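S.K.: Input upload.cif, format and content: mmCIF, C-alpha atoms.
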```
data_final
loop_
_atom_site.label_atom_id
_atom_site.label_comp_id
_atom_site.auth_asym_id
_atom_site.auth_seq_id
_atom_site.Cartn_x
_atom_site.Cartn_y
_atom_site.Cartn_z
CA MET A 200 103.50 5.38 -67.38
CA ASP A 201 101.56 7.98 -69.26
CA GLU A 202 98.28 7.42 -71.00
CA ASN A 203 99.77 6.64 -74.40
CA ASN A 204 102.30 4.09 -73.19
CA ARG A 205 99.81 1.98 -71.31
CA LEU A 206 99.22 -1.44 -72.77
CA ARG A 207 95.60 -1.48 -71.79
CA ASP A 208 92.80 1.02 -71.56
CA VAL A 209 91.80 1.83 -67.99
CA PHE A 210 88.14 1.54 -69.00
CA ASP A 211 88.68 -2.06 -70.14
CA ALA A 212 90.53 -2.81 -66.93
CA VAL A 213 87.67 -1.75 -64.68
CA ALA A 214 84.98 -3.32 -66.89
CA ASP A 215 85.32 -6.62 -65.00
CA PRO A 216 83.79 -7.12 -61.52
CA THR A 217 86.69 -9.28 -60.26
CA ARG A 218 89.16 -6.57 -61.19
CA ARG A 219 87.02 -3.93 -59.54
CA ARG A 220 87.07 -6.03 -56.37
CA LEU A 221 90.83 -6.43 -56.60
CA ILE A 222 91.17 -2.67 -56.88
CA ARG A 223 89.03 -2.20 -53.82
CA LEU A 224 90.99 -4.79 -51.82
CA LEU A 225 94.25 -3.12 -52.76
CA ALA A 226 92.82 0.29 -51.92
CA GLU A 227 92.13 -0.90 -48.38
CA SER A 228 95.71 -1.92 -47.61
CA SER A 229 99.03 -0.57 -48.79
CA GLU A 230 100.35 -3.81 -50.24
CA LEU A 231 99.12 -7.41 -50.53
CA PRO A 232 100.76 -10.67 -51.61
CA LEU A 233 99.05 -12.85 -54.22
CA HIS A 234 97.98 -15.56 -51.76
CA GLU A 235 96.11 -13.05 -49.58
CA LEU A 236 94.32 -11.67 -52.63
CA THR A 237 93.52 -15.15 -53.91
CA ALA A 238 92.00 -16.09 -50.53
CA GLN A 239 89.25 -13.51 -51.19
CA PHE A 240 88.03 -15.22 -54.36
CA GLU A 241 86.49 -18.52 -55.34
CA MET A 242 88.78 -18.76 -58.35
CA GLY A 243 92.33 -20.11 -58.28
CA ARG A 244 95.55 -18.16 -58.10
CA THR A 245 96.20 -18.43 -61.85
CA ALA A 246 92.89 -16.72 -62.61
CA VAL A 247 93.47 -14.00 -60.02
CA SER A 248 96.99 -13.55 -61.35
CA LYS A 249 95.61 -13.03 -64.88
CA HIS A 250 93.35 -10.27 -63.63
CA LEU A 251 96.26 -8.66 -61.81
CA THR A 252 98.26 -8.72 -65.04
CA ILE A 253 95.48 -6.83 -66.82
CA LEU A 254 95.42 -4.26 -64.02
CA LYS A 255 99.20 -3.97 -64.32
CA GLU A 256 98.93 -3.39 -68.06
CA ALA A 257 96.49 -0.57 -67.38
CA GLY A 258 98.94 0.97 -64.94
CA LEU A 259 96.52 0.42 -62.05
CA VAL A 260 98.69 -2.05 -60.14
CA THR A 261 102.42 -2.36 -59.49
CA ASP A 262 104.17 -5.42 -58.08
CA ARG A 263 107.49 -6.26 -56.48
CA LYS A 264 109.21 -9.43 -55.36
CA VAL A 265 109.81 -9.79 -51.64
CA GLY A 266 111.66 -13.04 -51.03
CA ARG A 267 109.59 -15.71 -52.75
CA GLU A 268 106.33 -13.80 -52.90
CA THR A 269 105.04 -11.08 -55.19
CA ARG A 270 103.32 -8.18 -53.51
CA PHE A 271 100.80 -5.97 -55.25
CA ARG A 272 100.06 -2.33 -54.74
CA LEU A 273 97.39 -0.04 -56.17
CA ASN A 274 98.30 2.90 -58.37
CA ALA A 275 95.05 4.84 -58.51
CA ALA A 276 96.25 7.64 -60.79
CA PRO A 277 94.82 6.19 -64.05
CA LEU A 278 91.37 6.11 -62.44
CA LYS A 279 91.51 9.88 -62.66
CA GLU A 280 90.49 9.51 -66.29
CA ILE A 281 87.16 8.13 -65.21
CA GLU A 282 86.72 10.58 -62.38
CA ASP A 283 87.39 13.53 -64.67
CA TRP A 284 84.70 12.35 -67.01
CA VAL A 285 82.04 12.13 -64.33
CA GLY A 286 83.51 15.17 -62.58
CA PHE A 287 83.07 17.40 -65.62
CA TYR A 288 79.32 16.81 -65.73
CA ARG A 289 79.01 16.91 -61.96
CA SER A 290 80.43 20.42 -61.85
CA TYR A 291 78.50 21.43 -64.98
CA TRP A 292 75.21 20.52 -63.30
CA ASN A 293 76.20 21.92 -59.91
CA ALA A 294 76.74 25.31 -61.54
CA ASN A 295 73.49 25.07 -63.50
CA MET A 296 71.48 23.93 -60.50
CA ALA A 297 72.77 26.82 -58.40
CA ARG A 298 71.47 29.18 -61.09
CA LEU A 299 68.16 27.30 -61.11
CA GLY A 300 67.95 27.74 -57.33
CA ARG A 301 68.31 31.50 -57.69
CA LEU A 302 65.75 31.56 -60.49
CA LEU A 303 63.19 29.71 -58.36
CA GLU A 304 63.86 32.02 -55.40
CA GLU A 305 63.32 35.11 -57.54
CA GLU A 306 59.98 33.72 -58.70
CA ASP A 307 58.95 33.40 -55.08
CA GLU A 308 59.59 37.03 -54.28
CA MET B 225 84.02 5.97 -72.36
CA SER B 226 80.76 5.94 -70.56
CA LEU B 227 79.04 8.28 -68.24
CA ALA B 228 76.59 7.34 -65.50
CA LEU B 229 75.80 10.27 -63.33
CA GLU B 230 73.01 10.65 -60.79
CA MET B 231 72.44 13.77 -58.75
CA ASP B 232 69.63 15.09 -56.54
CA PHE B 233 68.74 18.68 -55.83
CA GLN B 234 66.08 20.05 -53.48
CA TYR B 235 64.33 23.36 -53.93
CA LYS B 236 61.70 25.21 -51.95
CA THR B 237 59.18 25.45 -54.76
CA THR B 238 56.18 23.72 -56.27
CA LEU B 239 56.14 20.89 -58.82
CA GLU B 240 54.55 23.24 -61.35
CA LYS B 241 57.26 25.89 -60.98
CA ALA B 242 60.05 23.33 -61.12
CA TRP B 243 58.49 21.73 -64.20
CA SER B 244 58.21 25.11 -65.87
CA ALA B 245 61.90 25.85 -65.11
CA LEU B 246 62.85 22.57 -66.78
CA THR B 247 60.66 22.99 -69.86
CA ASP B 248 60.21 26.71 -70.59
CA SER B 249 62.75 27.91 -73.14
CA ASN B 250 63.15 31.37 -71.55
CA LYS B 251 63.74 29.90 -68.11
CA LEU B 252 66.12 27.27 -69.44
CA SER B 253 68.16 30.03 -71.02
CA GLU B 254 68.64 31.51 -67.55
CA TRP B 255 70.09 28.41 -65.94
CA ILE B 256 71.33 26.05 -68.70
CA ALA B 257 71.96 27.94 -71.94
CA GLU B 258 70.32 29.71 -74.85
CA ASN B 259 68.02 27.19 -76.53
CA ASP B 260 65.02 26.41 -78.69
CA PHE B 261 63.59 23.78 -76.37
CA LYS B 262 59.92 22.75 -76.44
CA PRO B 263 58.42 20.06 -74.19
CA VAL B 264 57.09 18.07 -77.14
CA VAL B 265 58.17 14.47 -77.76
CA GLY B 266 60.26 14.32 -80.94
CA HIS B 267 61.14 18.01 -80.88
CA ARG B 268 64.79 18.61 -81.76
CA PHE B 269 66.57 21.44 -80.04
CA GLN B 270 69.95 22.88 -79.19
CA PHE B 271 71.51 24.24 -76.05
CA ARG B 272 74.08 26.80 -77.14
CA HIS B 273 76.61 27.40 -74.41
CA GLN B 274 79.36 29.97 -74.52
CA PRO B 275 82.00 28.34 -76.78
CA SER B 276 85.48 27.78 -75.39
CA GLU B 277 88.84 26.69 -76.74
CA TYR B 278 87.88 23.07 -76.08
CA TRP B 279 84.17 23.00 -76.81
CA ASP B 280 81.91 24.62 -79.37
CA GLY B 281 79.26 24.75 -76.64
CA VAL B 282 76.53 23.19 -78.78
CA VAL B 283 74.41 20.39 -77.38
CA ASP B 284 71.96 18.75 -79.79
CA GLY B 285 68.95 17.11 -78.20
CA GLU B 286 65.67 15.43 -78.96
CA VAL B 287 62.81 15.29 -76.49
CA LEU B 288 62.11 11.66 -75.53
CA ILE B 289 59.65 11.71 -72.63
CA VAL B 290 57.26 14.42 -71.41
CA GLU B 291 55.19 13.41 -68.39
CA SER B 292 54.13 16.71 -66.84
CA PRO B 293 54.97 17.48 -64.08
CA ASN B 294 57.05 14.45 -63.03
CA ARG B 295 59.32 13.22 -65.76
CA LEU B 296 61.25 14.73 -68.64
CA SER B 297 63.88 13.05 -70.76
CA TYR B 298 65.92 14.16 -73.74
CA SER B 299 68.95 13.04 -75.67
CA TRP B 300 72.10 15.07 -75.23
CA ALA B 301 74.76 15.00 -77.93
CA THR B 302 77.89 17.07 -78.16
CA GLY B 303 81.08 16.19 -80.03
CA ASP B 304 81.42 12.39 -79.85
CA GLU B 305 79.24 12.13 -76.78
CA ARG B 306 75.76 10.66 -76.92
CA HIS B 307 73.95 10.93 -73.62
CA THR B 308 70.43 10.78 -72.27
CA VAL B 309 69.33 13.22 -69.58
CA THR B 310 66.30 12.27 -67.50
CA TRP B 311 64.71 14.46 -64.85
CA THR B 312 62.40 13.07 -62.21
CA LEU B 313 60.50 15.62 -60.12
CA THR B 314 59.07 14.59 -56.77
CA ASP B 315 56.97 16.68 -54.40
CA GLN B 316 58.39 15.99 -50.96
CA GLY B 317 55.30 17.35 -49.25
CA ASN B 318 56.93 20.05 -47.11
CA GLY B 319 57.07 22.75 -49.77
CA THR B 320 60.14 21.10 -51.24
CA VAL B 321 60.61 19.52 -54.63
CA ASN B 322 63.36 17.02 -55.35
CA LEU B 323 64.90 17.10 -58.82
CA HIS B 324 66.65 13.87 -59.65
CA LEU B 325 69.05 14.02 -62.58
CA ASP B 326 70.15 10.91 -64.37
CA GLN B 327 72.65 11.34 -67.18
CA THR B 328 73.97 8.28 -68.98
CA GLY B 329 75.71 7.69 -72.25
CA PHE B 330 78.77 6.86 -74.25
CA THR B 331 81.51 8.38 -76.26
CA ASN B 332 82.71 5.16 -77.89
CA VAL B 333 82.78 1.38 -77.65
CA HIS B 334 84.55 1.43 -74.28
CA GLY B 335 81.50 3.17 -72.95
CA LEU B 336 79.25 0.37 -74.12
CA GLU B 337 81.41 -2.13 -72.25
CA GLY B 338 81.55 0.04 -69.16
CA ALA B 339 77.81 0.44 -69.01
CA ARG B 340 77.26 -3.27 -69.54
CA TYR B 341 79.46 -4.05 -66.58
CA GLY B 342 78.02 -1.21 -64.57
CA TRP B 343 81.16 0.41 -63.24
CA GLY B 344 79.76 3.93 -63.34
CA GLY B 345 78.31 3.85 -59.83
CA TRP B 346 81.14 1.72 -58.53
CA PHE B 347 83.61 4.41 -59.26
CA GLU B 348 81.85 7.07 -57.23
CA LYS B 349 82.26 5.03 -54.04
CA PHE B 350 85.93 4.98 -54.71
CA GLU B 351 86.76 8.66 -54.77
CA GLN B 352 88.62 8.69 -51.44
CA VAL B 353 91.67 6.88 -52.81
CA LEU B 354 92.31 9.43 -55.53
#
```
Just give me the structure of the file as structure tokens.

M.R.:
Amino acid sequence: MDENNRLRDVFDAVADPTRRRLIRLLAESSELPLHELTAQFEMGRTAVSKHLTILKEAGLVTDRKVGRETRFRLNAAPLKEIEDWVGFYRSYWNANMARLGRLLEEEDE
Amino acid sequence: MSLALEMDFQYKTTLEKAWSALTDSNKLSEWIAENDFKPVVGHRFQFRHQPSEYWDGVVDGEVLIVESPNRLSYSWATGDERHTVTWTLTDQGNGTVNLHLDQTGFTNVHGLEGARYGWGGWFEKFEQVL
């Protein structure tokens, strides 16, 4: 799904701590069924399922049926949007700070 | 969208020299961009970077905090982005000065939500899966 077709903004999706934890859990294994994810939380499976739906709408999670269970998998690509944002300023300052380093060295000479 | 960026840089220098590099307009023009900066609270200034196809290069700022030689903060606005840049200078005692940069801000309402829920730092720990 591209950015414009997504039902939900990736920034909304990661605004919630439960969903951030779900993303992390899914990042640590290739695929997890709902009951294994639910076991990590105090809330019930309906609540966890709701959060997974929001992550799905943001394109962050995909699911597939295997027999009677649904397995969830992370699709990290939309998180790029956030990384690019931070990454722009990170490289901006890295370049500036390298110039500052040279300026301070010249003063020393 | 929101931005929460923290970076640290160490230089072999003195607090006074580092402070001067952060606050003297001529020096700033050598490592950030051409500017009319003055370390005076309330002073409005611009950093004028080389414009590109995507960016006019102009950053509008207002000086917020001047605590020589340890802390300097100014607003940082360009396009729809409204950020705050804060520098904290620490003498590490071995001829080294640490410059800590903290840049936070928003481009729109999503940013306000993001900052409230504090996902800025969370994301950085997550870079390995991308």

S.K.: So, with all atoms listed in the file as the atoms that count, which of A:Phe240, A:Phe271, A:Phe210, A:Phe287 lies closest to chain B?

M.R.: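 Using all atoms listed in the file, chain B sits closest to A:Phe210.
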
S.K.: Report, in Å to a single decimal, how far apart CA of Arg295 in chain B and CA of Thr312 in chain B are.

M.R.: 4.7 Å

S.K.: How many Å lie between CA of Ala301 in chain B and CA of Val213 in chain A, rounded to one decimal?

M.R.: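 Separation between CA of Ala301 in chain B and CA of Val213 in chain A: 25.0 Å.
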
S.K.: What's around range 250-253 of chain A at 8 Å? Count only C-alpha atoms, leave out sequence neighbours fewer than 2 positions away in its own chain, and write the answer as a PyMOL selection string.

M.R.: chain A and resi 207+212+217-218+221+246-248+255-257+260

S.K.: At a cut-off of 6 Å, list the chain A residues touching chain B, using all atoms listed in the file, as a list of chain:residue names.

M.R.: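 The answer, sorted by residue number, is A:Ala214, A:Asn295, A:Arg298, A:Leu299.
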
S.K.: Residues of the last selection are to be written out with C-alpha atoms, as a short mmCIF file (atom, residue, chain, number, x, y, z; two decimals), in the coordinates of the input.

M.R.:
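Heads up, here's the output in part_14.cif:
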```cif
data_model
loop_
_atom_site.label_atom_id
_atom_site.label_comp_id
_atom_site.auth_asym_id
_atom_site.auth_seq_id
_atom_site.Cartn_x
_atom_site.Cartn_y
_atom_site.Cartn_z
CA ALA A 214 84.98 -3.32 -66.89
CA ASN A 295 73.49 25.07 -63.50
CA ARG A 298 71.47 29.18 -61.09
CA LEU A 299 68.16 27.30 -61.11
#
```

S.K.: Would you compute the distance between CA of Asp260 in chain B and CA of Val282 in chain B? Give it in Å to one decimal.

M.R.: 12.0 Å

S.K.: Residues at most 10 Å from Leu224 in chain A, counting all atoms listed in the file, excluding those fewer than 3 positions away in the same chain, as a PyMOL selection string?

M.R.: chain A and resi 218-221+227-231+235-236+239+272-273

S.K.: Could you list, as a list of chain:residue names, every residue matched by the PyMOL selection byres ((chain B and resi 266) around 8) in this structure?

M.R.: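 With the PyMOL selection byres ((chain B and resi 266) around 8) on this model, the match is B:Val264, B:Val265, B:His267, B:Arg268, B:Glu286, B:Val287, B:Leu288.
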
S.K.: Once the PyMOL selection byres ((chain B and resi 296) around 6) has been applied to the shown file, what residues remain in the selection, as an NGL selection string?

M.R.: :B and (289-290 or 295 or 297 or 310-311)

S.K.: Restricting the calculation to only C-alpha atoms, which member of A:Leu303, A:Ala297, A:Leu206, A:Leu254 is positioned closest to Leu225 in chain A?

M.R.: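 Going through A:Leu303, A:Ala297, A:Leu206, A:Leu254 one by one, the smallest distance to Leu225 in chain A is for A:Leu254.
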
S.K.: Would you mind putting back N, CA and C atoms on range 247-269 of chain B, then writing it out as a CSV table (one decimal), in the coordinates of the input?

M.R.:
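Now in rebuild.csv:
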```csv
chain,number,residue,atom,x,y,z
B,247,THR,N,61.2,23.2,-68.5
B,247,THR,CA,60.7,23.0,-69.9
B,247,THR,C,60.4,24.3,-70.6
B,248,ASP,N,60.5,25.4,-69.9
B,248,ASP,CA,60.2,26.7,-70.6
B,248,ASP,C,61.5,27.3,-71.2
B,249,SER,N,61.5,27.5,-72.5
B,249,SER,CA,62.8,27.9,-73.1
B,249,SER,C,63.4,29.1,-72.5
B,250,ASN,N,62.6,30.2,-72.2
B,250,ASN,CA,63.2,31.4,-71.6
B,250,ASN,C,63.8,31.1,-70.2
B,251,LYS,N,63.2,30.2,-69.4
B,251,LYS,CA,63.7,29.9,-68.1
B,251,LYS,C,65.0,29.1,-68.3
B,252,LEU,N,64.9,28.1,-69.2
B,252,LEU,CA,66.1,27.3,-69.4
B,252,LEU,C,67.3,28.1,-69.8
B,253,SER,N,67.0,29.2,-70.6
B,253,SER,CA,68.2,30.0,-71.0
B,253,SER,C,68.8,30.7,-69.8
B,254,GLU,N,68.1,30.8,-68.7
B,254,GLU,CA,68.6,31.5,-67.6
B,254,GLU,C,69.5,30.6,-66.7
B,255,TRP,N,69.3,29.3,-66.8
B,255,TRP,CA,70.1,28.4,-65.9
B,255,TRP,C,70.8,27.3,-66.7
B,256,ILE,N,70.5,27.0,-67.9
B,256,ILE,CA,71.3,26.0,-68.7
B,256,ILE,C,72.1,26.8,-69.8
B,257,ALA,N,71.3,27.2,-70.9
B,257,ALA,CA,72.0,27.9,-71.9
B,257,ALA,C,70.9,28.4,-72.9
B,258,GLU,N,71.2,29.3,-73.8
B,258,GLU,CA,70.3,29.7,-74.8
B,258,GLU,C,69.8,28.5,-75.6
B,259,ASN,N,68.6,28.4,-76.0
B,259,ASN,CA,68.0,27.2,-76.5
B,259,ASN,C,66.8,27.4,-77.3
B,260,ASP,N,66.3,26.4,-78.0
B,260,ASP,CA,65.0,26.4,-78.7
B,260,ASP,C,64.2,25.2,-78.2
B,261,PHE,N,64.3,24.9,-77.0
B,261,PHE,CA,63.6,23.8,-76.4
B,261,PHE,C,62.1,23.9,-76.4
B,262,LYS,N,61.4,22.8,-76.6
B,262,LYS,CA,59.9,22.8,-76.4
B,262,LYS,C,59.6,21.4,-75.8
B,263,PRO,N,58.7,21.3,-74.8
B,263,PRO,CA,58.4,20.1,-74.2
B,263,PRO,C,57.5,19.2,-75.0
B,264,VAL,N,57.9,18.8,-76.2
B,264,VAL,CA,57.1,18.1,-77.1
B,264,VAL,C,57.9,16.9,-77.6
B,265,VAL,N,57.4,15.7,-77.4
B,265,VAL,CA,58.2,14.5,-77.8
B,265,VAL,C,58.5,14.5,-79.2
B,266,GLY,N,59.8,14.3,-79.6
B,266,GLY,CA,60.3,14.3,-80.9
B,266,GLY,C,60.8,15.7,-81.4
B,267,HIS,N,60.6,16.7,-80.5
B,267,HIS,CA,61.1,18.0,-80.9
B,267,HIS,C,62.7,18.0,-80.8
B,268,ARG,N,63.3,18.5,-81.8
B,268,ARG,CA,64.8,18.6,-81.8
B,268,ARG,C,65.2,20.0,-81.4
B,269,PHE,N,66.2,20.1,-80.6
B,269,PHE,CA,66.6,21.4,-80.0
B,269,PHE,C,68.1,21.5,-79.8
```
